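The file query-v9.txt contains compact mmCIF, C-alpha atoms and all ligand atoms:
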```
# COMPACT_ATOMS: atom_id res chain seq x y z
CA MET A 5 -41.31 32.36 35.03
CA ILE A 6 -42.28 32.31 31.36
CA ASP A 7 -43.82 29.03 30.11
CA GLY A 8 -42.29 27.26 33.09
CA LYS A 9 -38.83 28.64 32.31
CA LYS A 10 -36.66 30.81 34.53
CA VAL A 11 -36.07 34.30 33.19
CA LEU A 12 -32.62 35.70 32.63
CA LEU A 13 -31.87 39.27 31.57
CA SER A 14 -28.72 41.16 30.76
CA GLY A 15 -27.32 43.74 28.39
CA MET A 16 -24.50 46.03 27.42
CA GLN A 17 -24.30 49.72 26.78
CA SER A 18 -23.82 50.82 23.18
CA THR A 19 -21.03 53.22 24.10
CA GLY A 20 -18.49 51.77 21.66
CA ILE A 21 -17.39 48.60 19.93
CA ILE A 22 -17.26 45.92 22.58
CA THR A 23 -13.93 44.56 23.77
CA LEU A 24 -12.48 41.11 24.23
CA GLY A 25 -13.27 41.69 27.94
CA ASN A 26 -16.99 42.15 27.23
CA TYR A 27 -16.89 39.11 24.97
CA LEU A 28 -15.06 36.70 27.28
CA GLY A 29 -16.58 38.05 30.51
CA ALA A 30 -20.18 38.38 29.32
CA LEU A 31 -21.28 37.65 25.74
CA LYS A 32 -19.59 34.24 25.48
CA ASN A 33 -21.29 33.13 28.70
CA TRP A 34 -24.64 34.19 27.29
CA VAL A 35 -24.01 32.16 24.15
CA ASP A 36 -23.31 29.11 26.34
CA LEU A 37 -26.92 29.36 27.55
CA ASN A 38 -28.34 29.26 24.01
CA ASP A 39 -29.34 25.61 24.20
CA ASP A 40 -30.52 25.61 27.80
CA GLU A 41 -34.24 24.95 27.48
CA SER A 42 -34.86 25.75 31.15
CA VAL A 43 -34.29 29.51 30.76
CA GLN A 44 -35.88 32.27 28.70
CA CYS A 45 -33.21 34.89 28.02
CA PHE A 46 -33.62 38.59 27.29
CA TYR A 47 -30.58 40.57 26.13
CA ALA A 48 -30.88 44.28 25.42
CA VAL A 49 -28.74 46.90 23.78
CA MET A 50 -28.84 49.37 26.66
CA ASP A 51 -28.96 52.56 24.64
CA LEU A 52 -30.89 54.56 27.25
CA HIS A 53 -28.01 53.90 29.65
CA SER A 54 -25.47 54.99 27.05
CA ILE A 55 -26.53 58.66 27.08
CA THR A 56 -25.54 59.10 30.73
CA VAL A 57 -22.22 59.98 29.08
CA ARG A 58 -22.48 62.42 26.16
CA GLN A 59 -22.73 60.60 22.80
CA ASP A 60 -22.57 61.79 19.22
CA PRO A 61 -25.98 60.81 17.72
CA ALA A 62 -24.62 59.27 14.50
CA THR A 63 -22.00 57.28 16.43
CA LEU A 64 -24.55 56.09 18.98
CA ARG A 65 -26.82 54.87 16.18
CA LYS A 66 -23.92 53.04 14.53
CA ASN A 67 -22.70 51.50 17.80
CA GLY A 68 -26.21 50.31 18.63
CA ARG A 69 -26.63 48.52 15.30
CA THR A 70 -23.11 47.07 15.56
CA LEU A 71 -23.76 45.72 19.04
CA TYR A 72 -27.08 44.19 17.97
CA ALA A 73 -25.41 42.45 15.00
CA LEU A 74 -22.52 41.31 17.23
CA TYR A 75 -24.94 39.69 19.69
CA ILE A 76 -26.25 37.56 16.83
CA ALA A 77 -22.85 37.04 15.17
CA ALA A 78 -21.38 35.79 18.47
CA GLY A 79 -24.03 33.07 18.48
CA LEU A 80 -27.12 34.40 20.26
CA ASP A 81 -30.05 33.02 18.30
CA PRO A 82 -32.66 35.81 17.95
CA GLU A 83 -35.43 33.26 17.57
CA LYS A 84 -34.64 31.65 20.93
CA ASN A 85 -33.42 34.68 22.87
CA CYS A 86 -35.24 37.98 22.98
CA LEU A 87 -32.67 40.46 21.58
CA PHE A 88 -33.93 44.02 21.67
CA PHE A 89 -33.13 47.70 22.06
CA GLN A 90 -33.98 49.23 25.42
CA SER A 91 -35.26 52.39 23.69
CA HIS A 92 -37.74 50.34 21.65
CA VAL A 93 -39.58 49.35 24.81
CA PRO A 94 -40.89 52.54 26.47
CA ALA A 95 -41.82 50.63 29.63
CA HIS A 96 -38.14 50.81 30.73
CA ALA A 97 -38.27 54.59 31.08
CA GLN A 98 -41.79 54.46 32.51
CA LEU A 99 -40.95 51.99 35.26
CA ALA A 100 -37.66 53.78 35.98
CA TRP A 101 -39.60 56.95 36.82
CA ILE A 102 -41.81 55.10 39.26
CA LEU A 103 -38.89 53.29 40.89
CA ASN A 104 -37.10 56.63 41.28
CA CYS A 105 -39.81 57.49 43.76
CA TYR A 106 -38.92 54.41 45.81
CA THR A 107 -35.16 54.96 45.86
CA TYR A 108 -33.20 57.13 48.28
CA MET A 109 -30.54 59.72 47.49
CA GLY A 110 -28.28 58.07 50.08
CA GLU A 111 -28.44 54.72 48.29
CA MET A 112 -27.47 56.22 44.95
CA SER A 113 -24.64 58.28 46.46
CA ARG A 114 -22.89 55.11 47.56
CA MET A 115 -22.59 53.64 44.04
CA THR A 116 -18.96 53.28 42.99
CA GLN A 117 -19.73 53.49 39.26
CA PHE A 118 -21.34 56.90 39.86
CA LYS A 119 -18.29 58.05 41.79
CA ASP A 120 -15.89 56.74 39.11
CA LYS A 121 -17.81 58.10 36.15
CA SER A 122 -18.41 61.50 37.72
CA ALA A 123 -14.69 61.79 38.39
CA LYS A 124 -14.02 60.86 34.75
CA HIS A 125 -16.66 63.21 33.30
CA ALA A 126 -16.49 66.09 35.77
CA ASP A 127 -17.99 68.45 33.19
CA ASN A 128 -21.18 66.38 32.85
CA ILE A 129 -22.31 64.96 36.19
CA ASN A 130 -25.95 64.65 35.15
CA THR A 131 -28.82 63.24 37.20
CA GLY A 132 -29.15 60.36 34.71
CA LEU A 133 -25.70 59.19 35.71
CA PHE A 134 -26.83 59.43 39.33
CA THR A 135 -30.04 57.43 38.83
CA TYR A 136 -28.46 54.93 36.37
CA PRO A 137 -28.99 52.01 38.79
CA VAL A 138 -32.74 52.76 39.00
CA LEU A 139 -33.07 52.38 35.23
CA MET A 140 -31.06 49.16 35.49
CA ALA A 141 -33.46 47.95 38.22
CA ALA A 142 -36.37 48.72 35.88
CA ASP A 143 -34.69 46.71 33.07
CA ILE A 144 -34.47 43.69 35.32
CA LEU A 145 -37.76 43.92 37.23
CA LEU A 146 -39.92 44.52 34.13
CA TYR A 147 -39.20 40.97 32.94
CA GLN A 148 -39.52 39.44 36.42
CA ALA A 149 -35.96 38.18 35.89
CA ASP A 150 -34.82 35.38 38.20
CA MET A 151 -31.19 35.64 37.13
CA VAL A 152 -28.94 38.43 35.93
CA PRO A 153 -25.51 37.55 34.53
CA VAL A 154 -23.17 40.46 35.27
CA GLY A 155 -19.54 40.99 36.04
CA LYS A 156 -18.34 41.83 39.55
CA ASP A 157 -18.41 45.55 38.70
CA GLN A 158 -22.21 45.39 38.42
CA LEU A 159 -23.00 43.49 41.61
CA GLN A 160 -23.60 46.68 43.57
CA HIS A 161 -26.23 47.73 41.02
CA LEU A 162 -27.89 44.35 41.19
CA GLU A 163 -28.01 44.59 44.97
CA ILE A 164 -29.86 47.93 44.66
CA ALA A 165 -32.33 46.35 42.22
CA ARG A 166 -33.03 43.67 44.83
CA ASP A 167 -33.48 46.31 47.55
CA ILE A 168 -35.87 48.38 45.45
CA ALA A 169 -37.89 45.29 44.50
CA GLY A 170 -38.07 44.16 48.12
CA ARG A 171 -39.17 47.62 49.27
CA PHE A 172 -41.87 47.81 46.59
CA ASN A 173 -43.13 44.32 47.37
CA GLY A 174 -43.16 45.24 51.08
CA ILE A 175 -45.64 48.03 50.37
CA TYR A 176 -47.78 46.54 47.60
CA GLY A 177 -47.49 42.76 47.90
CA ASP A 178 -45.79 40.37 45.48
CA VAL A 179 -45.19 42.52 42.41
CA PHE A 180 -41.59 41.80 41.46
CA THR A 181 -39.42 38.70 41.38
CA ILE A 182 -36.27 39.29 43.42
CA PRO A 183 -33.36 38.71 40.98
CA GLU A 184 -30.18 36.78 41.75
CA ALA A 185 -26.74 37.39 40.27
CA TYR A 186 -25.69 34.67 37.83
CA MET A 187 -22.06 33.80 37.38
CA GLY A 188 -21.17 32.21 34.05
CA LYS A 189 -18.70 29.37 33.56
CA SER A 190 -15.77 31.60 32.77
CA GLY A 191 -15.66 34.39 35.30
CA ALA A 192 -12.68 35.85 33.44
CA LYS A 193 -12.00 39.48 34.18
CA ILE A 194 -9.80 40.71 31.36
CA MET A 195 -7.38 43.51 32.14
CA SER A 196 -6.00 46.29 29.94
CA LEU A 197 -3.02 45.25 27.81
CA GLN A 198 -1.37 48.56 28.68
CA ASP A 199 -2.12 48.57 32.41
CA PRO A 200 -2.90 45.11 33.77
CA THR A 201 -4.18 46.58 37.04
CA LYS A 202 -7.11 48.25 35.19
CA LYS A 203 -9.95 46.33 33.51
CA MET A 204 -10.07 46.27 29.72
CA SER A 205 -12.75 48.79 28.77
CA LYS A 206 -14.34 50.00 25.54
CA SER A 207 -14.06 53.60 26.69
CA ASP A 208 -10.30 53.41 27.45
CA GLU A 209 -8.47 56.47 26.15
CA ASN A 210 -5.47 54.30 25.15
CA PRO A 211 -6.56 52.23 22.10
CA ASN A 212 -3.69 49.76 22.61
CA GLY A 213 -5.11 48.67 25.96
CA SER A 214 -8.21 47.01 24.49
CA ILE A 215 -8.80 44.40 21.81
CA LEU A 216 -12.02 45.41 20.06
CA LEU A 217 -14.21 42.65 18.67
CA LEU A 218 -13.89 44.06 15.15
CA ASP A 219 -10.09 44.54 15.21
CA ASP A 220 -8.43 42.80 12.24
CA THR A 221 -5.72 40.18 12.73
CA ASP A 222 -2.84 42.61 12.17
CA THR A 223 -4.20 45.02 14.77
CA ILE A 224 -4.75 42.20 17.25
CA MET A 225 -1.18 40.93 16.75
CA ARG A 226 0.25 44.43 17.08
CA LYS A 227 -1.66 45.13 20.30
CA PHE A 228 -0.53 41.83 21.87
CA LYS A 229 3.09 42.45 20.81
CA ARG A 230 2.96 45.78 22.65
CA ALA A 231 1.27 44.35 25.75
CA ILE A 232 2.93 45.44 28.98
CA THR A 233 4.56 42.55 30.84
CA ASP A 234 7.61 42.57 33.15
CA SER A 235 11.34 42.04 32.84
CA ASP A 236 11.57 38.55 34.47
CA GLY A 237 11.49 36.74 31.15
CA PHE A 238 9.71 33.55 32.33
CA ILE A 239 6.08 32.53 32.08
CA ALA A 240 4.34 31.91 35.40
CA TYR A 241 0.81 32.39 36.71
CA SER A 242 1.17 34.74 39.63
CA GLU A 243 -0.41 37.90 41.08
CA ASP A 244 3.11 39.38 41.08
CA LYS A 245 3.15 39.16 37.29
CA PRO A 246 -0.17 40.82 36.38
CA GLY A 247 0.70 41.36 32.70
CA ILE A 248 1.62 37.71 32.05
CA LYS A 249 -1.23 36.50 34.27
CA ASN A 250 -3.68 38.49 32.14
CA LEU A 251 -2.26 37.00 28.93
CA ILE A 252 -2.56 33.51 30.42
CA ASP A 253 -6.18 34.24 31.42
CA ILE A 254 -6.95 35.37 27.88
CA TYR A 255 -5.22 32.36 26.33
CA ASP A 256 -7.06 29.99 28.67
CA ALA A 257 -10.43 31.63 27.99
CA VAL A 258 -10.06 31.07 24.25
CA THR A 259 -8.35 27.65 24.29
CA GLY A 260 -10.05 26.07 27.32
CA ASN A 261 -6.64 25.42 28.92
CA THR A 262 -5.94 25.60 32.64
CA PRO A 263 -3.19 28.01 33.77
CA GLU A 264 -0.96 24.99 34.57
CA GLN A 265 -1.34 23.62 31.04
CA THR A 266 -0.48 26.98 29.53
CA VAL A 267 2.57 27.46 31.76
CA ALA A 268 3.75 23.96 30.81
CA GLU A 269 3.10 24.58 27.10
CA PHE A 270 5.29 27.69 27.11
CA ASP A 271 7.97 26.42 29.48
CA GLY A 272 11.33 27.78 28.34
CA LYS A 273 9.78 30.04 25.70
CA GLY A 274 10.17 33.83 25.69
CA TYR A 275 7.49 36.51 26.06
CA GLY A 276 7.65 37.27 22.31
CA ASP A 277 6.60 33.74 21.37
CA PHE A 278 3.90 33.65 24.01
CA LYS A 279 2.42 36.98 22.92
CA MET A 280 2.30 35.78 19.31
CA ALA A 281 0.51 32.59 20.37
CA VAL A 282 -2.05 34.52 22.43
CA GLY A 283 -2.61 36.94 19.54
CA GLU A 284 -3.11 34.11 17.06
CA ALA A 285 -5.48 32.24 19.36
CA VAL A 286 -7.57 35.37 19.92
CA ALA A 287 -7.59 36.31 16.22
CA SER A 288 -8.76 32.85 15.20
CA THR A 289 -11.47 32.86 17.89
CA LEU A 290 -12.78 36.22 16.71
CA LYS A 291 -12.53 35.52 12.97
CA PRO A 292 -15.77 33.50 12.63
CA VAL A 293 -17.64 36.12 14.70
CA GLN A 294 -16.24 38.87 12.48
CA ASP A 295 -17.16 37.02 9.28
CA GLU A 296 -20.70 36.44 10.48
CA TYR A 297 -20.90 40.07 11.59
CA ALA A 298 -19.87 41.27 8.11
CA ARG A 299 -22.63 39.18 6.58
CA LEU A 300 -25.29 40.33 9.07
CA ILE A 301 -24.53 44.04 9.05
CA ALA A 302 -25.06 44.06 5.28
CA ASP A 303 -28.46 42.42 5.68
CA LYS A 304 -30.56 45.38 6.83
CA THR A 305 -33.85 43.63 6.10
CA TYR A 306 -33.05 40.72 8.39
CA LEU A 307 -31.73 42.88 11.24
CA ASP A 308 -34.71 45.23 11.02
CA SER A 309 -37.17 42.35 11.11
CA MET A 310 -35.44 40.80 14.14
CA MET A 311 -35.47 44.17 15.90
CA LYS A 312 -39.19 44.61 15.25
CA GLU A 313 -40.19 41.11 16.21
CA ASN A 314 -38.14 41.10 19.38
CA ALA A 315 -39.20 44.60 20.49
CA ALA A 316 -42.82 43.44 20.27
CA LYS A 317 -42.03 40.31 22.27
CA ALA A 318 -40.13 42.26 24.95
CA SER A 319 -42.91 44.88 25.11
CA TYR A 320 -45.51 42.22 25.72
CA TYR A 321 -43.79 40.99 28.89
CA ALA A 322 -42.66 44.45 30.02
CA ASN A 323 -46.14 45.97 29.65
CA LYS A 324 -47.68 43.18 31.64
CA THR A 325 -45.50 44.12 34.63
CA LEU A 326 -45.96 47.85 34.05
CA ARG A 327 -49.77 47.53 34.06
CA LYS A 328 -49.60 45.71 37.36
CA VAL A 329 -47.35 48.41 38.84
CA TYR A 330 -49.62 51.24 37.61
CA LYS A 331 -52.60 49.56 39.26
CA LYS A 332 -50.74 48.98 42.53
CA VAL A 333 -49.55 52.56 42.93
CA GLY A 334 -53.06 53.91 42.21
CA PHE A 335 -53.03 55.25 38.65
CA ILE A 336 -56.40 55.30 36.89
CA GLU A 337 -56.73 52.82 34.04
CA LEU A 338 -57.66 54.55 30.80
CA PRO A 339 -61.36 53.70 30.26
CA ARG A 340 -61.77 51.51 27.19
P1 LIG B 401 -17.59 51.34 29.50
O1 LIG B 401 -16.15 51.31 29.16
O2 LIG B 401 -18.46 52.06 28.49
O3 LIG B 401 -17.90 51.76 30.91
P2 LIG B 401 -17.44 48.51 29.70
O4 LIG B 401 -16.51 48.09 28.63
O5 LIG B 401 -16.95 48.51 31.08
O6 LIG B 401 -18.12 49.88 29.36
P3 LIG B 401 -20.18 47.54 30.04
O7 LIG B 401 -21.09 47.84 28.91
O8 LIG B 401 -20.28 48.37 31.27
O9 LIG B 401 -18.66 47.50 29.54
O10 LIG B 401 -20.32 46.03 30.47
C1 LIG B 401 -20.94 44.99 29.73
C2 LIG B 401 -20.65 43.66 30.38
O11 LIG B 401 -19.28 43.26 30.17
C3 LIG B 401 -20.86 43.63 31.91
O12 LIG B 401 -21.50 42.41 32.26
C4 LIG B 401 -19.46 43.68 32.46
O13 LIG B 401 -19.37 43.07 33.73
C5 LIG B 401 -18.65 42.92 31.40
N1 LIG B 401 -17.27 43.38 31.32
C6 LIG B 401 -16.86 44.63 31.02
N2 LIG B 401 -15.51 44.72 30.98
C7 LIG B 401 -15.04 43.48 31.28
C8 LIG B 401 -13.71 42.93 31.40
N3 LIG B 401 -12.63 43.67 31.22
N4 LIG B 401 -13.58 41.62 31.69
C9 LIG B 401 -14.70 40.87 31.89
N5 LIG B 401 -15.96 41.32 31.78
C10 LIG B 401 -16.15 42.62 31.49
N1 LIG B 402 -24.98 48.47 33.73
C1 LIG B 402 -24.69 47.33 32.91
C2 LIG B 402 -25.48 47.30 31.66
C3 LIG B 402 -26.89 47.07 32.02
C4 LIG B 402 -27.42 45.86 32.56
C5 LIG B 402 -28.81 46.13 32.77
C6 LIG B 402 -26.88 44.62 32.87
C7 LIG B 402 -27.91 47.97 31.95
N2 LIG B 402 -29.05 47.41 32.39
C8 LIG B 402 -29.64 45.14 33.30
C9 LIG B 402 -27.73 43.64 33.40
C10 LIG B 402 -29.08 43.92 33.63
C11 LIG B 402 -23.23 47.32 32.56
O1 LIG B 402 -22.74 46.29 32.31
N3 LIG B 402 -22.59 48.45 32.55
```
Rewrite the structure from the file as structure tokens, please.
Amino acid sequence: MIDGKKVLLSGMQSTGIITLGNYLGALKNWVDLNDDESVQCFYAVMDLHSITVRQDPATLRKNGRTLYALYIAAGLDPEKNCLFFQSHVPAHAQLAWILNCYTYMGEMSRMTQFKDKSAKHADNINTGLFTYPVLMAADILLYQADMVPVGKDQLQHLEIARDIAGRFNGIYGDVFTIPEAYMGKSGAKIMSLQDPTKKMSKSDENPNGSILLLDDTDTIMRKFKRAITDSDGFIAYSEDKPGIKNLIDIYDAVTGNTPEQTVAEFDGKGYGDFKMAVGEAVASTLKPVQDEYARLIADKTYLDSMMKENAAKASYYANKTLRKVYKKVGFIELPR
């Protein structure tokens, strides 16, 4: 609790420009909480997590700044929410080390993201990739978060954070709040436009599979036109038609329609018309975010001041927890 408010924490890796999937499945839900006075929200650019996969330094820097500006452009108010870079708050790495000593090899070996990413990056299966969930636990536990909004793919990591917190509390007393998963209003899981059985991802090797938040209207229209569907030729919401189902999910997420309304709206129309309509709806949803982004990214002074202010705010809360942890495990306080 902070000032009687529940604490909520989440974040994204700065591994690329975020996709429509990240926006509809995560960021948009965070924005919906902007005016909720009963929660104090922390959202980080998880740059420490990003280097578990090799990154080019200049690109990582650029992606980090872009993501930070996109958080604000999408509607997260940096005066109400604490928006910060993970690497600006050293306590994340410090607590992660300690929690590593309370986590078992067996637990980490079971993580599906580790298995997936090590298969994908067989030439760089580093120990950071292995202990990724411990750093994520540190992110959450440092702020005594009550709630963590994540997609289904991250539930396993959240479960580990709860286990580690419970284990630590079992030894040392009530140190950490045990976090709960938080499901936003739209639980939309957006699939790749090129393979509707795979989730849309910013690190997809096929650029046509993902709509990036900074894609211009022409690119968005082109990607939707090329979206993989089926040869039935009618619009229906069914698991047997994953391509069309995904397009309906996207259309509904941006228009607020139900699947039934969308099916009725496009009754008798062809896939071409439907794809154009989805493309236009997405482009017009993203346009204001893109315009605001263009304004913000040019305003270095403002972004820098928000970064500084928010890193100090995040550090204040994080260090409070870290000091408690240091004391509990038996480290000597530096004499004043
Ligand atoms: P990467 O491709 O680098 O592994 P990613 O695109 O999967 O990354 P993350 O940074 O791992 O994205 O996830 C950020 C947030 O976005 C998480 O809460 C995740 O659940 C959500 N998310 C990611 N992809 C989708 C998607 N296709 N649909 C809905 N939500 C998504
Ligand atoms: N692993 C998350 C990103 C992330 C995160 C967190 C999410 C890192 N630390 C703490 C919530 C809370 C992902 O979405 N890939």
Each chain A residue no farther than 10 Å from ligand LIG 401 (chain B), nearest pair in Å, all atoms listed in the file, as CSV:
```
residue,atom,partner,partner_atom,distance
A:Ser14,CA,B:LIG401,O12,7.5
A:Gly15,CA,B:LIG401,C1,6.6
A:Met16,CA,B:LIG401,O7,4.1
A:Gln17,CA,B:LIG401,O7,4.3
A:Ser18,CA,B:LIG401,O7,7.0
A:Thr19,CA,B:LIG401,O2,5.2
A:Gly20,CA,B:LIG401,O2,6.8
A:Ile21,CA,B:LIG401,O4,8.8
A:Ile22,CA,B:LIG401,O4,6.5
A:Thr23,CA,B:LIG401,O4,6.5
A:Leu24,CA,B:LIG401,N3,7.4
A:Gly25,CA,B:LIG401,C8,3.7
A:Asn26,CA,B:LIG401,O11,3.9
A:Tyr27,CA,B:LIG401,O11,7.1
A:Leu28,CA,B:LIG401,C9,6.2
A:Gly29,CA,B:LIG401,N5,3.6
A:Ala30,CA,B:LIG401,O11,5.0
A:Leu31,CA,B:LIG401,O11,7.4
A:Asn33,CA,B:LIG401,O12,9.9
A:Val49,CA,B:LIG401,O7,9.3
A:Met50,CA,B:LIG401,O7,8.2
A:His53,CA,B:LIG401,O7,9.2
A:Ser54,CA,B:LIG401,O2,7.7
A:Val57,CA,B:LIG401,O2,8.8
A:Gln117,CA,B:LIG401,O3,8.7
A:Asp120,CA,B:LIG401,O3,9.8
A:Lys121,CA,B:LIG401,O3,8.2
A:Val152,CA,B:LIG401,O12,9.2
A:Pro153,CA,B:LIG401,O12,6.7
A:Val154,CA,B:LIG401,O12,4.0
A:Gly155,CA,B:LIG401,O13,3.1
A:Lys156,CA,B:LIG401,O13,6.0
A:Asp157,CA,B:LIG401,O13,5.6
A:Gln158,CA,B:LIG401,O13,6.0
A:Leu159,CA,B:LIG401,O13,8.7
A:Ser190,CA,B:LIG401,C9,9.4
A:Gly191,CA,B:LIG401,C9,7.4
A:Ala192,CA,B:LIG401,C9,5.6
A:Lys193,CA,B:LIG401,N4,3.6
A:Ile194,CA,B:LIG401,N4,3.9
A:Met195,CA,B:LIG401,N3,5.3
A:Ser196,CA,B:LIG401,N3,7.2
A:Lys202,CA,B:LIG401,N3,8.2
A:Lys203,CA,B:LIG401,N3,4.4
A:Met204,CA,B:LIG401,N3,3.9
A:Ser205,CA,B:LIG401,O4,3.8
A:Lys206,CA,B:LIG401,O4,4.2
A:Ser207,CA,B:LIG401,O1,4.0
A:Asp208,CA,B:LIG401,O1,6.4
A:Glu209,CA,B:LIG401,O1,9.7
A:Ser214,CA,B:LIG401,N3,8.7
A:Ile254,CA,B:LIG401,N4,9.9
```
Contacts of region 122-124 of chain A at 12 Å or less, counting only C-alpha atoms, minus same-chain residues fewer than 2 places along, as a PDB file with C-alpha atoms, in the frame of the given file?
```pdb
ATOM      1  CA  THR A  56     -25.540  59.100  30.730  1.00  0.00           C
ATOM      2  CA  VAL A  57     -22.220  59.980  29.080  1.00  0.00           C
ATOM      3  CA  SER A 113     -24.640  58.280  46.460  1.00  0.00           C
ATOM      4  CA  MET A 115     -22.590  53.640  44.040  1.00  0.00           C
ATOM      5  CA  THR A 116     -18.960  53.280  42.990  1.00  0.00           C
ATOM      6  CA  GLN A 117     -19.730  53.490  39.260  1.00  0.00           C
ATOM      7  CA  PHE A 118     -21.340  56.900  39.860  1.00  0.00           C
ATOM      8  CA  LYS A 119     -18.290  58.050  41.790  1.00  0.00           C
ATOM      9  CA  ASP A 120     -15.890  56.740  39.110  1.00  0.00           C
ATOM     10  CA  ALA A 126     -16.490  66.090  35.770  1.00  0.00           C
ATOM     11  CA  ASP A 127     -17.990  68.450  33.190  1.00  0.00           C
ATOM     12  CA  ASN A 128     -21.180  66.380  32.850  1.00  0.00           C
ATOM     13  CA  ILE A 129     -22.310  64.960  36.190  1.00  0.00           C
ATOM     14  CA  ASN A 130     -25.950  64.650  35.150  1.00  0.00           C
ATOM     15  CA  THR A 131     -28.820  63.240  37.200  1.00  0.00           C
ATOM     16  CA  GLY A 132     -29.150  60.360  34.710  1.00  0.00           C
ATOM     17  CA  LEU A 133     -25.700  59.190  35.710  1.00  0.00           C
ATOM     18  CA  PHE A 134     -26.830  59.430  39.330  1.00  0.00           C
ATOM     19  CA  SER A 207     -14.060  53.600  26.690  1.00  0.00           C
ATOM     20  CA  ASP A 208     -10.300  53.410  27.450  1.00  0.00           C
ATOM     21  CA  GLU A 209      -8.470  56.470  26.150  1.00  0.00           C
TER      22      GLU A 209
END
```
(request) For Lys227 (chain A), please output as a list in words all residues within 6 Å (counting all atoms listed in the file; exclusion window: fewer than 3 positions along the same chain). (result) Asn212, Ile224 and Arg230 of chain A
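Nearest residue to ligand LIG 402 (chain B), choosing from A:Gly79, A:Gly110, A:Ala142, A:Val11 and counting all atoms listed in the file: A:Ala142.
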Give me the residues within 12 Å of Leu13 (chain A) as a PDB file with C-alpha atoms, keeping the file's coordinate frame, counting only C-alpha atoms and dropping any in the same chain fewer than 2 places off.
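Below you can see around28.pdb, which holds the result:
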```pdb
ATOM      1  CA  LYS A  10     -36.660  30.810  34.530  1.00  0.00           C
ATOM      2  CA  VAL A  11     -36.070  34.300  33.190  1.00  0.00           C
ATOM      3  CA  GLY A  15     -27.320  43.740  28.390  1.00  0.00           C
ATOM      4  CA  MET A  16     -24.500  46.030  27.420  1.00  0.00           C
ATOM      5  CA  ALA A  30     -20.180  38.380  29.320  1.00  0.00           C
ATOM      6  CA  TRP A  34     -24.640  34.190  27.290  1.00  0.00           C
ATOM      7  CA  LEU A  37     -26.920  29.360  27.550  1.00  0.00           C
ATOM      8  CA  VAL A  43     -34.290  29.510  30.760  1.00  0.00           C
ATOM      9  CA  GLN A  44     -35.880  32.270  28.700  1.00  0.00           C
ATOM     10  CA  CYS A  45     -33.210  34.890  28.020  1.00  0.00           C
ATOM     11  CA  PHE A  46     -33.620  38.590  27.290  1.00  0.00           C
ATOM     12  CA  TYR A  47     -30.580  40.570  26.130  1.00  0.00           C
ATOM     13  CA  ALA A  48     -30.880  44.280  25.420  1.00  0.00           C
ATOM     14  CA  VAL A  49     -28.740  46.900  23.780  1.00  0.00           C
ATOM     15  CA  MET A  50     -28.840  49.370  26.660  1.00  0.00           C
ATOM     16  CA  ASN A  85     -33.420  34.680  22.870  1.00  0.00           C
ATOM     17  CA  CYS A  86     -35.240  37.980  22.980  1.00  0.00           C
ATOM     18  CA  LEU A  87     -32.670  40.460  21.580  1.00  0.00           C
ATOM     19  CA  PHE A  88     -33.930  44.020  21.670  1.00  0.00           C
ATOM     20  CA  GLN A  90     -33.980  49.230  25.420  1.00  0.00           C
ATOM     21  CA  MET A 140     -31.060  49.160  35.490  1.00  0.00           C
ATOM     22  CA  ALA A 141     -33.460  47.950  38.220  1.00  0.00           C
ATOM     23  CA  ALA A 142     -36.370  48.720  35.880  1.00  0.00           C
ATOM     24  CA  ASP A 143     -34.690  46.710  33.070  1.00  0.00           C
ATOM     25  CA  ILE A 144     -34.470  43.690  35.320  1.00  0.00           C
ATOM     26  CA  LEU A 145     -37.760  43.920  37.230  1.00  0.00           C
ATOM     27  CA  LEU A 146     -39.920  44.520  34.130  1.00  0.00           C
ATOM     28  CA  TYR A 147     -39.200  40.970  32.940  1.00  0.00           C
ATOM     29  CA  GLN A 148     -39.520  39.440  36.420  1.00  0.00           C
ATOM     30  CA  ALA A 149     -35.960  38.180  35.890  1.00  0.00           C
ATOM     31  CA  ASP A 150     -34.820  35.380  38.200  1.00  0.00           C
ATOM     32  CA  MET A 151     -31.190  35.640  37.130  1.00  0.00           C
ATOM     33  CA  VAL A 152     -28.940  38.430  35.930  1.00  0.00           C
ATOM     34  CA  PRO A 153     -25.510  37.550  34.530  1.00  0.00           C
ATOM     35  CA  VAL A 154     -23.170  40.460  35.270  1.00  0.00           C
ATOM     36  CA  LEU A 162     -27.890  44.350  41.190  1.00  0.00           C
ATOM     37  CA  PRO A 183     -33.360  38.710  40.980  1.00  0.00           C
ATOM     38  CA  GLU A 184     -30.180  36.780  41.750  1.00  0.00           C
ATOM     39  CA  ALA A 185     -26.740  37.390  40.270  1.00  0.00           C
ATOM     40  CA  TYR A 186     -25.690  34.670  37.830  1.00  0.00           C
ATOM     41  CA  ALA A 318     -40.130  42.260  24.950  1.00  0.00           C
TER      42      ALA A 318
END
```
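Between CA of Ala165 (chain A) and CA of Thr201 (chain A) the separation is 28.6 Å.
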(request) Have a look at A:Ala315, A:Val282, A:Ala240, A:Met109 and name the one nearest to Ser91 (chain A); count only C-alpha atoms. (result) A:Ala315
(request) Using only C-alpha atoms, find the one residue out of A:Val138, A:Arg65, A:Arg58, A:Pro82 that sits nearest to Val35 (chain A). (result) A:Pro82
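The residue that comes closest to ligand LIG 402 (chain B), out of A:Glu111, A:Asp40, A:Asp271, A:Glu163 and on the basis of all atoms listed in the file, is A:Glu163.
Distances from A:Lys291, A:Asp308, A:Asp199, A:Tyr330 to Thr221 (chain A) were compared using all atoms listed in the file, and the smallest one belongs to A:Lys291.
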(request) Just give me the gap between CA of Lys249 (chain A) and CA of Tyr275 (chain A) in Å, one decimal is fine. (result) 12.0 Å
(message) For a cutoff of 12 Å around the file-coordinate point (-30.2, 32.7, 16.3), which residues qualify once you count only C-alpha atoms? I'd like the result as a count of residues only.
(response) 24
